[in-house]
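The block underneath contains the structure these notes are about, expressed in structure tokens.
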Amino acid sequence: MCSGNADRKHPPFPTENFAGDARRSLFWQDNNKARTGNISTMITCIKPTCFTSNNLTLLSWNIAMARPSSMAPDAIERSREIGRLIRQECLGQPSNPRTIPPDVIALQECPYPSWGADNFDSLGYTSLGTRKSHCGHVDLLLRKELANGFQPIELNERLPSVACSFTLPNESHIAVSSSHLMPFKEGFPTRYRQCNLLMKSLVDECANCVLLGDFNMRAAEDKAIEQLCGGWIDAWKANGAEKLSNFTWNSFVNQYHEGGYKFKARFDRCYLKGDALNLQHFRLIGNNPVRKEDNGGVGDYLSDHFGLLVRINVEAPTSTVQSGDD
């Protein structure tokens with residue numbers, strides 16, 4: 001879904017103050033062989049590492065039912081390898097030494113309920129639950145060392161969302177969710193109710209909240225949604241509303257659907273709430289063609305959406321900071 005220039009290179013994702021350098025090197029060392037396999041390849045698990053950073057990296061992506069693009073050179077071959085390609089895009093490129101796998105993965109339009117677990121469990125992630133949406137399934141995955149002691153957040157059965165809360169090593173408590181809300185412009189009244197229910201459920205559970213997913217929102221809806229439940233921060237806007245990371249749907253460059261209507265939109269969102277949360281970085285993923293080695297790769301993307309990659313710093317509770325100074 002989006003990006004002003006599909007051929008641009010991703011800016012390096014900062015790693016300052018990350019405790020993930022060891023986990024990154026272990027991941028690519030242990031999984032080097034898996035990068036050449038297809039969806040049935042058994043992938044070696046990431047070796048356990050101690051999570052000590054106050055930074056949290058979160059990824060959200062509508063994967064379009066894991067189907068091949070209309071521009072894929074061989075639909076059958078792409079179907080075989082799409083799981084591997086999606087995993088690689090989510091977890092980073094081995095050629096980029098600054099890439100660190102995310103702590104939270106929020107997926108939308110999974111083709112079946114266990115798709116996330118089938119593809120990420122052996123890579124060190126736990127699926128915290130799935131729910132059916134108007135298209136496919138929503139999943140929320142958490143790195144296993146963070147998933148110990150997580151608490152599921154009970155949501156209205158009509159919400160196409162999954163949510164949980166967990167505690168970081170600095171004793172800060174955070175709630176996160178993955179959602180795939182009502183589509184189409186005329187779906188705004190339903191989207192508004194869904195957002196209100198979701199936001200209230202997370203705020204009732206925790207003071208620090210992160211909402212991720214395909215919200216199917218239009219720009220005209222921003223103000224109404226951002227003011228719900230005491231106000232929310234739009235991560236893209238907080239990052240400077242950069243044009244290159246604006247649109248998460250851009251069918252002018254992403255020709256995923258054959259003969260599809262050409263338009264741009266910012267359907268996918270990340271909303272933050274909580275005094276302890278500080279946005280560090282925001283960018284898109286999946287916004288480069290699959291095949292970049294020749295002109296034949298133009299228009300060929302893994303999904304009709306581009307995903308979001310966000311890094312936040314989560315401050316320790318005041319009482320914890322004070323006790324540490326004694």
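Chain identifiers are assigned as A, B, and so on, following the order in which chains appear in the structure tokens; residues are numbered from 1 within each chain, and ligands are numbered from 1 in order of appearance.
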(Q) Residues within 6 Å of A:Met65, please, as a list in words. Count only C-alpha atoms; anything in the same chain fewer than 6 positions from it doesn't count. (A) Glu109, Cys110 and Pro111 of chain A
(Q) For stretch 265-282 of chain A, find every residue with an atom within 8 Å (counting only C-alpha atoms), except residues of its own chain fewer than 3 positions away, and show them as a ChimeraX atom specification. (A) /A:1-2,13-14,207-219,231-236,238-239,246-250,307-317
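Atom pair atom CA of A:Asn156 / atom CA of A:Leu198 has a distance of 8.2 Å (rounded to one decimal).
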(Q) Give me, as a ChimeraX atom specification, all polymer residues having an atom no more than 12 Å from A:Ser177, counting only C-alpha atoms and skipping those fewer than 6 positions away in the same chain. (A) /A:58-60,104-108,128-131,138-142,152-155,159-166,195,198-199,201-203,208-215,269-272
Q | Surrounding residues of stretch 253-258 of chain A excluding itself and chain neighbours under 6 positions, 6 Å, only C-alpha atoms, as a list of chain:residue names | A | A:Ser69, A:Ser70, A:Gly299, A:Asp304
Q: Based on DSSP run over this structure's backbone, return all residues of stretch 172-222 of chain A in alpha helix (DSSP H), as an MDAnalysis selection string.
A: chainID A and resid 188:205 222
Please dump the current selection as a compact mmCIF listing (two decimals), in the first residue's frame; keep C-alpha atoms.
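So selection_35.txt came out as:
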# COMPACT_ATOMS: atom_id res chain seq x y z
CA PHE A 188 -16.98 4.96 8.57
CA PRO A 189 -19.87 4.76 11.10
CA THR A 190 -18.99 1.13 11.77
CA ARG A 191 -15.25 1.92 11.83
CA TYR A 192 -15.89 4.67 14.36
CA ARG A 193 -17.76 2.29 16.66
CA GLN A 194 -15.05 -0.35 16.23
CA CYS A 195 -12.31 2.13 17.13
CA ASN A 196 -14.23 3.36 20.16
CA LEU A 197 -14.77 -0.18 21.46
CA LEU A 198 -11.16 -1.17 20.81
CA MET A 199 -9.63 1.94 22.35
CA LYS A 200 -11.83 1.75 25.44
CA SER A 201 -10.94 -1.92 25.95
CA LEU A 202 -7.20 -1.21 25.86
CA VAL A 203 -7.35 1.97 27.93
CA ASP A 204 -9.34 0.15 30.62
CA GLU A 205 -6.54 -2.42 30.75
CA ASP A 222 -8.53 11.36 11.37
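Shortest separation to A:Pro68 among A:Pro101, A:Asn55, A:Val176, A:Ile82 occurs at residue A:Ile82, atoms counted being only C-alpha atoms.
Near A:Pro289, within a cut-off of 7 Å and counting only C-alpha atoms, sit the residues Gly297, Val298, Gly299, Asp300 and Tyr301 of chain A, with same-chain residues fewer than 5 positions away left out.
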Would you write out those residues with N, CA, C and O atoms, as a PDB file, in the first residue's frame?
ATOM      1  N   GLY A 297      10.525  -6.377 -12.863  1.00  0.00           N
ATOM      2  CA  GLY A 297      10.011  -6.422 -11.501  1.00  0.00           C
ATOM      3  C   GLY A 297       9.103  -5.264 -11.155  1.00  0.00           C
ATOM      4  O   GLY A 297       8.506  -5.249 -10.079  1.00  0.00           O
ATOM      5  N   VAL A 298       8.972  -4.281 -12.015  1.00  0.00           N
ATOM      6  CA  VAL A 298       8.139  -3.120 -11.726  1.00  0.00           C
ATOM      7  C   VAL A 298       6.696  -3.551 -11.492  1.00  0.00           C
ATOM      8  O   VAL A 298       6.121  -4.298 -12.279  1.00  0.00           O
ATOM      9  N   GLY A 299       6.126  -3.086 -10.397  1.00  0.00           N
ATOM     10  CA  GLY A 299       4.723  -3.371 -10.099  1.00  0.00           C
ATOM     11  C   GLY A 299       4.483  -4.654  -9.341  1.00  0.00           C
ATOM     12  O   GLY A 299       3.366  -4.923  -8.922  1.00  0.00           O
ATOM     13  N   ASP A 300       5.539  -5.477  -9.143  1.00  0.00           N
ATOM     14  CA  ASP A 300       5.394  -6.779  -8.497  1.00  0.00           C
ATOM     15  C   ASP A 300       5.740  -6.675  -7.014  1.00  0.00           C
ATOM     16  O   ASP A 300       6.911  -6.602  -6.646  1.00  0.00           O
ATOM     17  N   TYR A 301       4.706  -6.683  -6.159  1.00  0.00           N
ATOM     18  CA  TYR A 301       4.885  -6.546  -4.715  1.00  0.00           C
ATOM     19  C   TYR A 301       4.277  -7.748  -3.993  1.00  0.00           C
ATOM     20  O   TYR A 301       3.463  -8.484  -4.556  1.00  0.00           O
TER      21      TYR A 301
END
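When only C-alpha atoms are used to measure the gap to A:Thr167, the shortest distance among A:Asn54, A:Ser303, A:Thr318, A:Gln227 belongs to A:Asn54.
For the atom pair formed by atom CA of A:Gly92 and atom CA of A:Phe263, the distance is 28.0 Å, given to one decimal.
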**Q.** Backbone DSSP call of strand (DSSP E) for stretch 109-289 of chain A, listed as an NGL selection string
**A.** :A and (109-110 or 125-132 or 137-143 or 151-152 or 161-167 or 173-180 or 209-214 or 233-234 or 249-250 or 264-265 or 268-273 or 277-285)
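Relative to atom CA of A:Gly230, atom CA of A:Gly149 is found at 28.3 Å.
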Q. Quick one: residues within 10 Å of A:Asp118, only C-alpha atoms counted, chain neighbours fewer than 3 positions away excluded, as a PyMOL selection string?
A. chain A and resi 39-40+83+113-115+121-123+127
